[in-house]
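Visitor: data18.txt (compact mmCIF, C-alpha atoms and all ligand atoms) pasted underneath:
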# COMPACT_ATOMS: atom_id res chain seq x y z
CA MET E 1 0.00 0.00 0.00
CA ILE E 2 1.26 3.47 -0.80
CA SER E 3 1.28 6.04 2.00
CA GLU E 4 -1.88 7.98 2.85
CA LYS E 5 -0.13 11.23 1.99
CA MET E 6 0.87 9.97 -1.46
CA HIS E 7 -2.58 8.51 -1.95
CA GLU E 8 -4.02 12.00 -1.64
CA GLN E 9 -1.35 13.53 -3.85
CA VAL E 10 -1.97 10.93 -6.58
CA LYS E 11 -5.70 11.69 -6.41
CA ASN E 12 -5.08 15.43 -6.70
CA SER E 13 -2.81 14.99 -9.73
CA SER E 14 -5.62 13.46 -11.72
CA VAL E 15 -6.57 16.63 -13.68
CA ILE E 16 -3.11 16.96 -15.18
CA ARG E 17 -2.80 13.24 -15.80
CA ALA E 18 -6.22 13.14 -17.45
CA MET E 19 -5.16 16.03 -19.70
CA PHE E 20 -2.00 14.21 -20.70
CA GLU E 21 -3.97 11.06 -21.51
CA GLU E 22 -6.54 13.06 -23.49
CA GLY E 23 -3.74 14.67 -25.54
CA LYS E 24 -2.32 11.25 -26.37
CA ARG E 25 -5.77 9.92 -27.28
CA LEU E 26 -6.53 12.87 -29.58
CA ALA E 27 -3.09 12.67 -31.23
CA GLY E 28 -3.75 8.97 -31.90
CA ILE E 29 -6.99 9.76 -33.73
CA TYR E 30 -6.26 13.07 -35.50
CA GLY E 31 -2.43 13.11 -35.70
CA ALA E 32 -0.22 15.12 -33.33
CA GLU E 33 -0.11 18.06 -35.79
CA ASN E 34 -3.88 18.52 -35.47
CA VAL E 35 -3.93 18.60 -31.67
CA PHE E 36 -3.37 22.04 -30.16
CA ASP E 37 -1.73 21.49 -26.83
CA PHE E 38 -1.72 24.66 -24.73
CA SER E 39 -1.62 22.75 -21.47
CA LEU E 40 2.09 22.75 -20.60
CA GLY E 41 4.64 25.41 -19.71
CA ASN E 42 7.33 23.68 -21.73
CA PRO E 43 9.22 26.36 -23.73
CA ASN E 44 9.08 25.88 -27.50
CA VAL E 45 11.82 28.47 -28.07
CA GLU E 46 15.27 26.86 -28.30
CA PRO E 47 17.99 27.83 -25.81
CA PRO E 48 20.22 30.72 -26.97
CA GLU E 49 23.32 29.76 -29.00
CA GLU E 50 25.54 30.62 -26.02
CA VAL E 51 24.25 27.51 -24.21
CA LYS E 52 25.38 25.08 -26.89
CA LYS E 53 28.70 26.88 -27.23
CA ALA E 54 29.24 26.73 -23.46
CA ILE E 55 28.44 23.00 -23.31
CA LEU E 56 30.92 22.25 -26.09
CA GLU E 57 33.62 24.47 -24.60
CA ILE E 58 33.30 22.79 -21.21
CA VAL E 59 33.23 19.19 -22.39
CA ASN E 60 36.09 19.78 -24.83
CA ASP E 61 38.30 21.61 -22.35
CA LYS E 62 41.12 19.15 -21.63
CA ASN E 63 42.37 21.29 -18.74
CA VAL E 64 39.24 20.78 -16.66
CA ILE E 65 39.14 17.46 -14.89
CA GLY E 66 36.35 16.05 -12.77
CA ILE E 67 33.66 18.16 -14.39
CA HIS E 68 31.05 15.57 -13.52
CA GLY E 69 32.09 15.10 -9.90
CA TYR E 70 30.37 15.94 -6.62
CA MET E 71 31.03 19.35 -5.13
CA ASN E 72 29.88 21.28 -2.05
CA ASN E 73 26.11 20.68 -1.62
CA SER E 74 25.54 24.41 -2.24
CA GLY E 75 27.28 24.25 -5.62
CA TYR E 76 30.60 25.46 -7.05
CA GLU E 77 31.85 28.50 -5.16
CA GLU E 78 33.00 30.27 -8.34
CA VAL E 79 29.57 29.77 -9.95
CA ARG E 80 27.79 31.09 -6.85
CA ALA E 81 30.17 34.07 -6.73
CA ALA E 82 29.52 34.92 -10.39
CA ILE E 83 25.75 34.75 -9.83
CA ALA E 84 26.03 36.93 -6.71
CA LYS E 85 28.04 39.50 -8.68
CA SER E 86 25.53 39.50 -11.49
CA ILE E 87 22.65 40.09 -9.03
CA ASN E 88 24.62 42.89 -7.34
CA ASP E 89 25.32 44.52 -10.72
CA LYS E 90 21.67 44.37 -11.76
CA PHE E 91 19.91 45.22 -8.52
CA GLY E 92 22.43 47.16 -6.42
CA THR E 93 22.59 44.48 -3.68
CA THR E 94 25.84 43.54 -1.91
CA ILE E 95 25.52 39.78 -1.50
CA THR E 96 28.36 37.24 -1.71
CA HIS E 97 28.45 33.61 -2.84
CA ASN E 98 27.23 32.72 0.67
CA SER E 99 23.74 33.88 -0.27
CA ILE E 100 23.54 31.59 -3.30
CA LEU E 101 22.64 27.90 -3.20
CA MET E 102 22.51 26.11 -6.53
CA THR E 103 19.32 24.04 -6.89
CA VAL E 104 17.59 21.49 -9.05
CA GLY E 105 15.40 24.10 -10.75
CA ALA E 106 12.87 26.32 -8.98
CA ALA E 107 10.99 23.23 -7.82
CA GLY E 108 14.10 21.90 -6.08
CA GLY E 109 14.77 25.34 -4.58
CA LEU E 110 11.25 25.70 -3.20
CA ASN E 111 11.40 22.26 -1.60
CA VAL E 112 14.80 23.04 -0.08
CA ILE E 113 13.67 26.31 1.46
CA LEU E 114 10.36 24.91 2.70
CA LYS E 115 12.18 21.98 4.32
CA THR E 116 14.57 24.49 5.86
CA LEU E 117 11.83 26.69 7.32
CA LEU E 118 8.70 24.67 8.11
CA ASN E 119 7.60 22.93 11.26
CA PRO E 120 4.46 20.76 10.94
CA LYS E 121 1.30 22.92 10.80
CA ASP E 122 3.23 26.08 9.94
CA GLU E 123 1.29 28.19 7.49
CA VAL E 124 2.47 29.33 4.08
CA ILE E 125 0.39 31.99 2.38
CA THR E 126 0.11 32.40 -1.36
CA PHE E 127 -2.12 34.39 -3.70
CA ALA E 128 -4.63 32.76 -6.04
CA PRO E 129 -4.26 32.08 -8.84
CA PHE E 130 -1.04 30.21 -8.04
CA PHE E 131 1.14 27.40 -9.41
CA GLY E 132 -0.71 24.30 -8.17
CA GLU E 133 2.46 22.47 -7.16
CA TYR E 134 2.79 24.79 -4.14
CA ARG E 135 0.12 22.61 -2.51
CA ASN E 136 2.35 19.56 -2.84
CA TYR E 137 5.57 21.30 -1.89
CA VAL E 138 4.07 22.67 1.34
CA LYS E 139 2.40 19.33 2.13
CA ASN E 140 5.77 17.59 1.71
CA PHE E 141 6.84 19.23 4.99
CA ASP E 142 3.44 18.99 6.71
CA GLY E 143 2.77 22.70 6.38
CA GLU E 144 -0.59 24.27 5.53
CA LEU E 145 -0.96 26.23 2.31
CA ILE E 146 -3.29 29.18 2.84
CA ALA E 147 -4.57 30.74 -0.38
CA VAL E 148 -5.68 34.36 -0.55
CA SER E 149 -8.62 34.63 -2.93
CA PRO E 150 -8.02 36.17 -6.35
CA ASN E 151 -8.52 39.78 -7.25
CA THR E 152 -9.98 39.23 -10.69
CA ILE E 153 -9.97 42.95 -11.56
CA ASP E 154 -6.24 43.09 -12.32
CA PHE E 155 -4.85 39.94 -10.63
CA GLN E 156 -2.59 41.95 -8.33
CA PRO E 157 -2.63 40.29 -4.87
CA ASN E 158 -5.64 40.90 -2.66
CA LEU E 159 -3.77 42.64 0.16
CA LYS E 160 -6.71 43.28 2.44
CA GLU E 161 -7.53 39.60 2.70
CA PHE E 162 -3.81 38.84 2.94
CA LYS E 163 -3.47 40.97 6.04
CA ASP E 164 -6.36 39.15 7.69
CA LYS E 165 -4.90 35.74 6.90
CA ILE E 166 -1.52 36.29 8.56
CA THR E 167 -1.37 34.52 11.93
CA PRO E 168 1.36 33.69 14.47
CA LYS E 169 1.75 30.41 12.53
CA THR E 170 2.55 32.14 9.23
CA LYS E 171 6.12 31.16 8.43
CA ALA E 172 6.37 32.12 4.80
CA VAL E 173 4.62 33.82 1.91
CA ILE E 174 5.19 32.66 -1.65
CA ILE E 175 4.72 35.12 -4.47
CA ASN E 176 5.26 34.46 -8.15
CA SER E 177 5.79 37.34 -10.55
CA PRO E 178 5.62 37.34 -13.54
CA ASN E 179 2.82 35.04 -12.61
CA ASN E 180 1.84 31.60 -13.73
CA PRO E 181 -1.04 31.46 -14.75
CA THR E 182 -1.97 35.14 -15.29
CA GLY E 183 1.21 36.64 -16.78
CA VAL E 184 0.74 39.59 -14.41
CA ILE E 185 3.78 41.35 -12.92
CA TYR E 186 3.25 42.46 -9.32
CA SER E 187 3.78 46.22 -9.32
CA GLU E 188 6.29 48.06 -7.16
CA GLU E 189 3.34 49.61 -5.32
CA THR E 190 2.04 46.11 -4.51
CA ILE E 191 5.46 44.99 -3.28
CA ILE E 192 5.88 48.05 -1.07
CA LYS E 193 2.43 47.57 0.51
CA LEU E 194 2.91 43.83 0.92
CA SER E 195 6.28 44.40 2.63
CA GLU E 196 4.74 46.96 4.99
CA ILE E 197 2.01 44.51 5.98
CA LEU E 198 4.58 41.80 6.63
CA ARG E 199 6.74 44.08 8.79
CA GLU E 200 3.67 45.19 10.75
CA LYS E 201 2.57 41.59 11.37
CA GLN E 202 6.07 40.45 12.33
CA LYS E 203 6.07 43.17 14.96
CA GLU E 204 2.56 42.34 16.15
CA PHE E 205 3.29 38.61 16.55
CA GLY E 206 7.00 38.80 17.37
CA THR E 207 7.73 36.35 14.53
CA ASP E 208 9.78 36.24 11.36
CA ILE E 209 7.87 35.79 8.14
CA TYR E 210 9.93 34.87 5.08
CA LEU E 211 8.93 36.14 1.69
CA ILE E 212 9.76 33.59 -0.99
CA ALA E 213 9.83 35.05 -4.49
CA ASP E 214 9.37 32.25 -7.01
CA GLU E 215 10.90 33.77 -10.14
CA PRO E 216 11.30 31.35 -13.04
CA TYR E 217 9.75 33.97 -15.35
CA ARG E 218 11.78 37.04 -14.25
CA GLU E 219 13.48 37.38 -17.64
CA LEU E 220 10.25 36.91 -19.60
CA ALA E 221 8.86 40.43 -19.18
CA TYR E 222 7.44 42.18 -22.25
CA ASP E 223 7.68 45.83 -23.24
CA GLN E 224 10.70 46.32 -20.94
CA ALA E 225 8.44 45.95 -17.89
CA GLU E 226 10.27 46.16 -14.55
CA VAL E 227 10.05 43.22 -12.15
CA PRO E 228 10.90 44.57 -8.67
CA TYR E 229 13.72 42.71 -6.86
CA LEU E 230 12.23 41.76 -3.51
CA SER E 231 15.24 41.98 -1.20
CA LYS E 232 15.34 45.73 -1.82
CA TYR E 233 11.94 46.07 -0.14
CA TYR E 234 11.92 43.41 2.55
CA ALA E 235 14.76 41.96 4.64
CA ASN E 236 13.45 38.40 5.11
CA THR E 237 13.55 37.65 1.40
CA ILE E 238 14.46 34.47 -0.41
CA VAL E 239 14.44 34.39 -4.20
CA GLY E 240 13.96 31.09 -6.04
CA TYR E 241 15.35 31.47 -9.54
CA SER E 242 15.46 29.02 -12.41
CA TYR E 243 16.97 28.74 -15.87
CA SER E 244 14.12 26.48 -17.02
CA LYS E 245 12.36 29.29 -18.85
CA SER E 246 14.97 32.06 -18.98
CA LEU E 247 17.34 29.83 -21.00
CA SER E 248 14.78 27.18 -22.08
CA LEU E 249 16.48 24.45 -20.03
CA PRO E 250 13.60 22.88 -18.06
CA GLY E 251 14.81 19.30 -18.45
CA GLU E 252 18.30 20.11 -17.22
CA ARG E 253 17.05 21.10 -13.77
CA ILE E 254 19.16 24.11 -12.86
CA GLY E 255 18.39 27.14 -10.71
CA TYR E 256 19.39 28.74 -7.42
CA LEU E 257 18.11 30.15 -4.16
CA MET E 258 19.21 33.66 -3.19
CA ILE E 259 18.93 34.00 0.56
CA SER E 260 19.19 37.68 1.47
CA ASP E 261 22.07 38.44 3.82
CA GLN E 262 19.63 40.77 5.62
CA ALA E 263 17.31 37.86 6.52
CA ALA E 264 16.85 36.93 10.18
CA ASP E 265 18.84 33.81 11.16
CA PHE E 266 20.76 34.08 7.88
CA GLU E 267 23.71 31.85 8.89
CA ASN E 268 21.46 29.07 10.16
CA ILE E 269 19.24 29.21 7.09
CA ILE E 270 22.29 28.93 4.85
CA SER E 271 23.67 25.87 6.60
CA ALA E 272 20.26 24.21 6.96
CA ALA E 273 19.43 24.80 3.28
CA ASN E 274 22.78 23.27 2.29
CA ILE E 275 21.91 20.15 4.31
CA ALA E 276 18.30 20.14 3.03
CA ASN E 277 19.63 20.06 -0.54
CA ARG E 278 21.65 16.97 0.38
CA ILE E 279 19.14 15.04 2.45
CA LEU E 280 16.21 15.64 0.12
CA GLY E 281 18.28 13.55 -2.25
CA PHE E 282 19.22 16.30 -4.68
CA VAL E 283 22.76 16.26 -3.18
CA ASN E 284 23.79 19.09 -5.51
CA ALA E 285 22.54 20.85 -8.61
CA PRO E 286 23.77 19.30 -11.90
CA ALA E 287 27.52 19.92 -12.21
CA LEU E 288 27.74 20.44 -15.96
CA PHE E 289 24.85 22.90 -16.05
CA GLN E 290 26.23 24.96 -13.18
CA ARG E 291 29.28 25.49 -15.38
CA VAL E 292 27.11 26.15 -18.42
CA ILE E 293 24.85 28.80 -16.94
CA VAL E 294 27.74 30.76 -15.51
CA LYS E 295 28.96 31.27 -19.08
CA CYS E 296 25.45 32.39 -20.09
CA LEU E 297 24.53 34.88 -17.37
CA ASP E 298 23.76 37.57 -19.93
CA ALA E 299 22.30 35.29 -22.62
CA LYS E 300 18.61 35.63 -23.45
CA VAL E 301 16.00 33.49 -25.17
CA ASP E 302 14.16 34.96 -28.12
CA LEU E 303 11.46 36.82 -26.19
CA GLU E 304 10.08 38.19 -29.43
CA ALA E 305 8.85 34.70 -30.38
CA TYR E 306 6.67 34.57 -27.25
CA ASN E 307 5.66 38.19 -27.76
CA ARG E 308 4.38 37.44 -31.26
CA ASN E 309 2.26 34.62 -29.87
CA ARG E 310 1.00 36.85 -27.08
CA GLU E 311 -0.04 39.64 -29.43
CA LEU E 312 -1.81 37.32 -31.87
CA LEU E 313 -3.66 35.27 -29.27
CA TYR E 314 -4.70 38.30 -27.21
CA LYS E 315 -5.95 40.29 -30.17
CA GLU E 316 -7.89 37.41 -31.69
CA LEU E 317 -9.43 36.06 -28.48
CA LEU E 318 -10.65 39.53 -27.55
CA SER E 319 -12.17 39.99 -31.00
CA TYR E 320 -14.14 36.73 -30.58
CA GLY E 321 -15.57 38.01 -27.28
CA TYR E 322 -13.29 36.35 -24.72
CA GLN E 323 -12.28 38.35 -21.67
CA CYS E 324 -8.78 38.43 -20.30
CA ILE E 325 -6.10 40.87 -19.23
CA LYS E 326 -3.02 41.20 -21.38
CA PRO E 327 -0.11 39.25 -19.88
CA GLU E 328 2.91 41.41 -19.03
CA GLY E 329 5.27 38.48 -18.64
CA ALA E 330 5.70 34.66 -18.74
CA PHE E 331 3.90 32.78 -21.52
CA TYR E 332 0.44 32.20 -20.14
CA MET E 333 -2.93 33.81 -20.77
CA PHE E 334 -5.64 33.50 -18.14
CA VAL E 335 -8.98 33.74 -19.86
CA LYS E 336 -12.42 34.00 -18.28
CA SER E 337 -14.36 30.87 -19.06
CA PRO E 338 -17.46 31.80 -21.11
CA ILE E 339 -19.39 29.35 -18.93
CA GLU E 340 -19.19 29.17 -15.16
CA ASN E 341 -17.76 25.68 -15.02
CA ASP E 342 -14.13 25.97 -16.17
CA ALA E 343 -13.57 22.19 -16.27
CA GLU E 344 -16.60 21.78 -18.54
CA PHE E 345 -15.29 24.52 -20.82
CA CYS E 346 -11.95 22.68 -21.05
CA SER E 347 -13.84 19.50 -22.03
CA LEU E 348 -15.64 21.43 -24.77
CA ALA E 349 -12.27 22.76 -25.96
CA ASN E 350 -10.96 19.18 -26.08
CA LYS E 351 -13.69 18.42 -28.61
CA LYS E 352 -12.02 21.00 -30.87
CA ASN E 353 -8.66 19.31 -30.18
CA ILE E 354 -7.62 22.23 -27.96
CA LEU E 355 -6.00 21.36 -24.65
CA ILE E 356 -6.14 24.02 -21.93
CA VAL E 357 -6.12 23.86 -18.12
CA PRO E 358 -9.01 24.80 -15.80
CA GLY E 359 -8.38 27.74 -13.47
CA SER E 360 -9.44 25.54 -10.52
CA ALA E 361 -6.04 23.85 -10.80
CA PHE E 362 -4.59 27.27 -9.84
CA GLY E 363 -7.13 28.00 -7.10
CA CYS E 364 -9.18 30.26 -9.38
CA PRO E 365 -12.29 28.61 -10.82
CA GLY E 366 -14.14 30.27 -13.68
CA TYR E 367 -10.97 30.83 -15.72
CA VAL E 368 -8.75 28.75 -17.99
CA ARG E 369 -5.02 28.92 -18.64
CA ILE E 370 -3.64 28.91 -22.15
CA ALA E 371 0.13 28.27 -22.32
CA TYR E 372 1.27 30.01 -25.51
CA CYS E 373 4.84 28.69 -25.50
CA VAL E 374 3.97 26.83 -28.71
CA ALA E 375 4.71 27.31 -32.41
CA TYR E 376 3.04 30.40 -33.92
CA GLU E 377 1.37 28.08 -36.47
CA THR E 378 -0.24 26.10 -33.65
CA ILE E 379 -1.99 29.27 -32.52
CA VAL E 380 -2.99 30.17 -36.07
CA LYS E 381 -4.46 26.69 -36.59
CA ALA E 382 -6.24 26.66 -33.21
CA LEU E 383 -7.89 30.09 -33.58
CA PRO E 384 -10.94 28.89 -35.59
CA GLY E 385 -11.58 26.36 -32.81
CA PHE E 386 -11.47 29.08 -30.12
CA LYS E 387 -13.84 31.20 -32.23
CA ALA E 388 -16.32 28.36 -32.82
CA LEU E 389 -16.23 27.45 -29.12
CA ILE E 390 -17.42 30.83 -27.88
CA GLU E 391 -19.92 31.24 -30.70
CA GLU E 392 -21.53 27.91 -29.90
CA LEU E 393 -21.95 29.03 -26.30
CA LYS E 394 -23.56 32.39 -27.11
N1 LIG E 401 7.25 27.90 -10.18
C1 LIG E 401 6.42 28.23 -11.17
C2 LIG E 401 5.50 29.37 -10.99
C3 LIG E 401 6.41 27.50 -12.36
O1 LIG E 401 5.56 27.84 -13.34
C4 LIG E 401 7.31 26.41 -12.51
C5 LIG E 401 7.32 25.59 -13.72
O2 LIG E 401 6.53 25.71 -14.60
C6 LIG E 401 8.16 26.12 -11.44
C7 LIG E 401 8.11 26.88 -10.30
C8 LIG E 401 9.13 24.99 -11.52
O3 LIG E 401 10.17 25.35 -12.36
P1 LIG E 401 11.50 24.49 -12.53
O4 LIG E 401 11.42 23.82 -13.86
O5 LIG E 401 12.61 25.48 -12.50
O6 LIG E 401 11.57 23.55 -11.40
Kindly transcribe the structure held in the file into structure tokens.
Guide:
Amino acid sequence: MISEKMHEQVKNSSVIRAMFEEGKRLAGIYGAENVFDFSLGNPNVEPPEEVKKAILEIVNDKNVIGIHGYMNNSGYEEVRAAIAKSINDKFGTTITHNSILMTVGAAGGLNVILKTLLNPKDEVITFAPFFGEYRNYVKNFDGELIAVSPNTIDFQPNLKEFKDKITPKTKAVIINSPNNPTGVIYSEETIIKLSEILREKQKEFGTDIYLIADEPYRELAYDQAEVPYLSKYYANTIVGYSYSKSLSLPGERIGYLMISDQAADFENIISAANIANRILGFVNAPALFQRVIVKCLDAKVDLEAYNRNRELLYKELLSYGYQCIKPEGAFYMFVKSPIENDAEFCSLANKKNILIVPGSAFGCPGYVRIAYCVAYETIVKALPGFKALIEELK
């Protein structure tokens, strides 16, 4: 028998699994090229050339030995130092390699920091709509995920409700901007207010509340939009970064945690996170890709490819009568379901060979997420289906 905890997690994964199965079934009948899969955040844009060049340089360098070996659980010191310098140059911080822990993507980083911080029953607040995996990551360490209900006007966090939901058991707050699934960037005004609330509540309860910024989409911001760097606004900040989307390397599993040197209990967090990385079984982030990303710190994926998709999809969906706000970052569009039941709308979309995800999976029923990290032609071919769908429901 599998554990009770896993039993529940398997049950809760059924929406995504069902979607995957449905995609395979449709591809079997109609051919993969006639199935429009907007269900996954798997980048279709290839990594920048610098990545390939870096891989070849490293593996062909006869002077480097042991490139595939173990290293300190936090990662190579020279890689961490280069990342710290790059953060300092961009955001005016003064961190050292000590603040950086190389991780197995953002997912690995979030699990490491939650293991580091949480006691059973500790509360972690997040804002709906949110990346559904947070539920599992918090449950892994017997914490309670508390979701603040969505502000569907502009999808900035609902700060009034947030304030009311902070308790003496609140250990951490996870925010994700640019956001999956809305594409919204939390404004500087939002971050300032959120930080003030946190400081006020820390004082009231005599606790430390850590703000975890989950930032796999930081580099995917359109129209030169600014994404505020959290440690400038709030001392107890931890940033979870990933190269999965910024360099299109999701399968290589590489990212880092930046633990602000201003954070309370900094030294203990650093050493505990180092051990958490080891005992969770990650041991260390992939050796080769630590060396690769450090050669690509200024490389960028072709954002214009996503932007083209964004512009086309947004313009067309609006013209058919769909309602949604224009994403400012990431590669997701969060569209109001034309019928109340978002899961039912996704089933109707399946009948047009369109795969999209119900907003309920992100704690926000009544909406659907379209991941537009697909070929431009896929969008062009899917548009008549989107149009027919809403017309049939009118
Ligand atoms: N956080 C968010 C908001 C995501 O959308 C994803 C992946 O889609 C992750 C974390 C996990 O990213 P990684 O591949 O770096 O583990």
Visitor: Point out the residue among E:Leu257, E:Ile2, E:Val283, E:Ile55 with the least atom-to-atom distance to ligand LIG 401 (chain E), counting only C-alpha atoms and all ligand atoms.
Guide: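 When distances to ligand LIG 401 (chain E) are compared using only C-alpha atoms and all ligand atoms, the smallest one comes from E:Leu257.
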Visitor: Measuring between all atoms listed in the file, which one of E:Arg199, E:Lys169, E:His97, E:Lys121 shows the shortest distance to Gly75 of chain E?
Guide: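 Using all atoms listed in the file, the shortest distance to Gly75 of chain E belongs to E:His97.
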Visitor: What lies within 8 Å of Pro150 of chain E using only C-alpha atoms, ignoring chain neighbours under 4 positions off, as a list in words?
Guide: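 My reading of the contact set: Phe127, Ala128, Pro129, Phe155, Pro157, Asn158 and Cys364 of chain E.
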Visitor: Dump as a Markdown table the rows for residues of chain E within 9 Å of ligand LIG 401 (chain E): closest atom pair and distance in Å with one decimal, all atoms listed in the file counted, ordered by chain and rising residue number.
Guide:
| residue | atom | partner | partner_atom | distance |
| --- | --- | --- | --- | --- |
| E:Leu40 | CA | E:LIG401 | O2 | 8.0 |
| E:Gly41 | CA | E:LIG401 | O2 | 5.5 |
| E:Asn42 | CA | E:LIG401 | O2 | 7.5 |
| E:Thr103 | CA | E:LIG401 | O5 | 8.9 |
| E:Val104 | CA | E:LIG401 | O6 | 6.8 |
| E:Gly105 | CA | E:LIG401 | O5 | 3.6 |
| E:Ala106 | CA | E:LIG401 | O5 | 3.6 |
| E:Ala107 | CA | E:LIG401 | O6 | 3.6 |
| E:Gly108 | CA | E:LIG401 | O6 | 6.1 |
| E:Gly109 | CA | E:LIG401 | O6 | 7.7 |
| E:Leu110 | CA | E:LIG401 | C7 | 7.9 |
| E:Phe130 | CA | E:LIG401 | C2 | 7.2 |
| E:Phe131 | CA | E:LIG401 | C2 | 5.0 |
| E:Gly132 | CA | E:LIG401 | C2 | 8.5 |
| E:Glu133 | CA | E:LIG401 | C7 | 7.8 |
| E:Tyr134 | CA | E:LIG401 | N1 | 8.1 |
| E:Ile175 | CA | E:LIG401 | C2 | 8.7 |
| E:Asn176 | CA | E:LIG401 | C2 | 5.8 |
| E:Ser177 | CA | E:LIG401 | C2 | 8.0 |
| E:Pro178 | CA | E:LIG401 | C2 | 8.4 |
| E:Asn179 | CA | E:LIG401 | C2 | 6.5 |
| E:Asn180 | CA | E:LIG401 | C2 | 5.1 |
| E:Pro181 | CA | E:LIG401 | O1 | 7.7 |
| E:Asp214 | CA | E:LIG401 | N1 | 5.8 |
| E:Glu215 | CA | E:LIG401 | N1 | 6.9 |
| E:Pro216 | CA | E:LIG401 | O5 | 6.0 |
| E:Tyr217 | CA | E:LIG401 | C2 | 7.6 |
| E:Gly240 | CA | E:LIG401 | C7 | 8.4 |
| E:Tyr241 | CA | E:LIG401 | O5 | 7.2 |
| E:Ser242 | CA | E:LIG401 | O5 | 4.5 |
| E:Tyr243 | CA | E:LIG401 | O5 | 6.4 |
| E:Ser244 | CA | E:LIG401 | O5 | 4.9 |
| E:Lys245 | CA | E:LIG401 | O5 | 7.4 |
| E:Leu249 | CA | E:LIG401 | O4 | 8.0 |
| E:Pro250 | CA | E:LIG401 | O4 | 4.8 |
| E:Gly251 | CA | E:LIG401 | O4 | 7.3 |
| E:Glu252 | CA | E:LIG401 | O4 | 8.5 |
| E:Arg253 | CA | E:LIG401 | O4 | 6.3 |
| E:Ile254 | CA | E:LIG401 | O5 | 6.7 |
| E:Gly255 | CA | E:LIG401 | O5 | 6.3 |
| E:Ala330 | CA | E:LIG401 | O1 | 8.7 |
Visitor: Ranking E:Gln262, E:Ser248, E:Ser13, E:Asn98 by minimum distance to Arg135 of chain E and counting only C-alpha atoms, which one comes first?
Guide: E:Ser13
Visitor: Just to confirm, what's the straight-line distance from atom CA of Phe289 of chain E to atom CA of Asn63 of chain E in Å (one decimal)?
Guide: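 According to the coordinates, atom CA of Phe289 of chain E and atom CA of Asn63 of chain E are separated by 17.8 Å.
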Visitor: One decimal, Å: what's the distance from atom CA of Ala18 of chain E over to atom CA of Phe141 of chain E, could you say?
Guide: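 Going from atom CA of Ala18 of chain E over to atom CA of Phe141 of chain E covers 26.7 Å.
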Visitor: For a quick check of understanding, using all atoms listed in the file, which of E:Ile166, E:Leu348, E:Ile87, E:Ala276 has the smallest distance to Leu230 of chain E?
Guide: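 Once distances to Leu230 of chain E are computed over all atoms listed in the file, the minimum belongs to E:Ile87.
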Visitor: May I have the centre and edge lengths, in Å to one decimal, of an axis-aligned box around the listed atoms of segment 331-338 of chain E with 8 Å added to every side, as AutoDock Vina command-line options?
Guide:
--center_x -6.8 --center_y 32.4 --center_z -19.8 --size_x 37.4 --size_y 19.1 --size_z 19.4
Visitor: Distance table requested - segment 327-358 of chain E against segment 386-392 of chain E, cut-off 9 Å, only C-alpha atoms: one row per qualifying residue with the closest atom pair and its distance in Å to one decimal, ordered by chain and rising residue number, as JSON lines.
Guide:
{"residue": "E:Pro338", "atom": "CA", "partner": "E:Ile390", "partner_atom": "CA", "distance": 6.8}
{"residue": "E:Phe345", "atom": "CA", "partner": "E:Leu389", "partner_atom": "CA", "distance": 8.9}
{"residue": "E:Leu348", "atom": "CA", "partner": "E:Leu389", "partner_atom": "CA", "distance": 7.5}
{"residue": "E:Ala349", "atom": "CA", "partner": "E:Leu389", "partner_atom": "CA", "distance": 6.9}
{"residue": "E:Lys352", "atom": "CA", "partner": "E:Leu389", "partner_atom": "CA", "distance": 7.9}
{"residue": "E:Ile354", "atom": "CA", "partner": "E:Phe386", "partner_atom": "CA", "distance": 8.1}
Visitor: Applying 8 Å and only C-alpha atoms, which residues near Glu144 of chain E remain after dropping the ones on its own chain fewer than 6 positions away? List them as a PDB file with C-alpha atoms, keeping the file's coordinate frame.
Guide:
ATOM      1  CA  LYS E 121       1.300  22.920  10.800  1.00  0.00           C
ATOM      2  CA  ASP E 122       3.230  26.080   9.940  1.00  0.00           C
ATOM      3  CA  GLU E 123       1.290  28.190   7.490  1.00  0.00           C
ATOM      4  CA  VAL E 124       2.470  29.330   4.080  1.00  0.00           C
ATOM      5  CA  VAL E 138       4.070  22.670   1.340  1.00  0.00           C
TER       6      VAL E 138
END
Visitor: Which protein, DNA or RNA residues are at most 10 Å from (28.7, 23.7, -5.8) in the file's coordinates when you count all atoms listed in the file, listed as a ChimeraX atom specification?
Guide: /E:70-80,100-103,283-287,290-291
Visitor: With distances taken over all atoms listed in the file, which of E:Val59, E:Val368, E:Ala221, E:Cys296 is nearest to Val184 of chain E?
Guide: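 Once distances to Val184 of chain E are computed over all atoms listed in the file, the minimum belongs to E:Ala221.
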Visitor: Quick one: residues within 8 Å of Val45 of chain E, all atoms listed in the file counted, chain neighbours fewer than 4 positions away excluded, as a PyMOL selection string?
Guide: chain E and resi 248+301-302+305+373
Visitor: Taking only C-alpha atoms into account, name the residue in E:Ser187, E:Thr167, E:Thr96, E:Ser3 that is nearest to Lys203 of chain E.
Guide: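 Comparing E:Ser187, E:Thr167, E:Thr96, E:Ser3 against Lys203 of chain E, the winner is E:Thr167.
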Visitor: Rounded to one decimal in Å, what is the spacing between atom CA of Ile370 of chain E and atom CA of Glu328 of chain E?
Guide: 14.5 Å
Visitor: Skipping near chain neighbours, those fewer than 2 positions away, what residues fall within 9 Å of Ala343 of chain E using only C-alpha atoms, listed as a PyMOL selection string?
Guide: chain E and resi 341+345-348+357-360+365-366+368
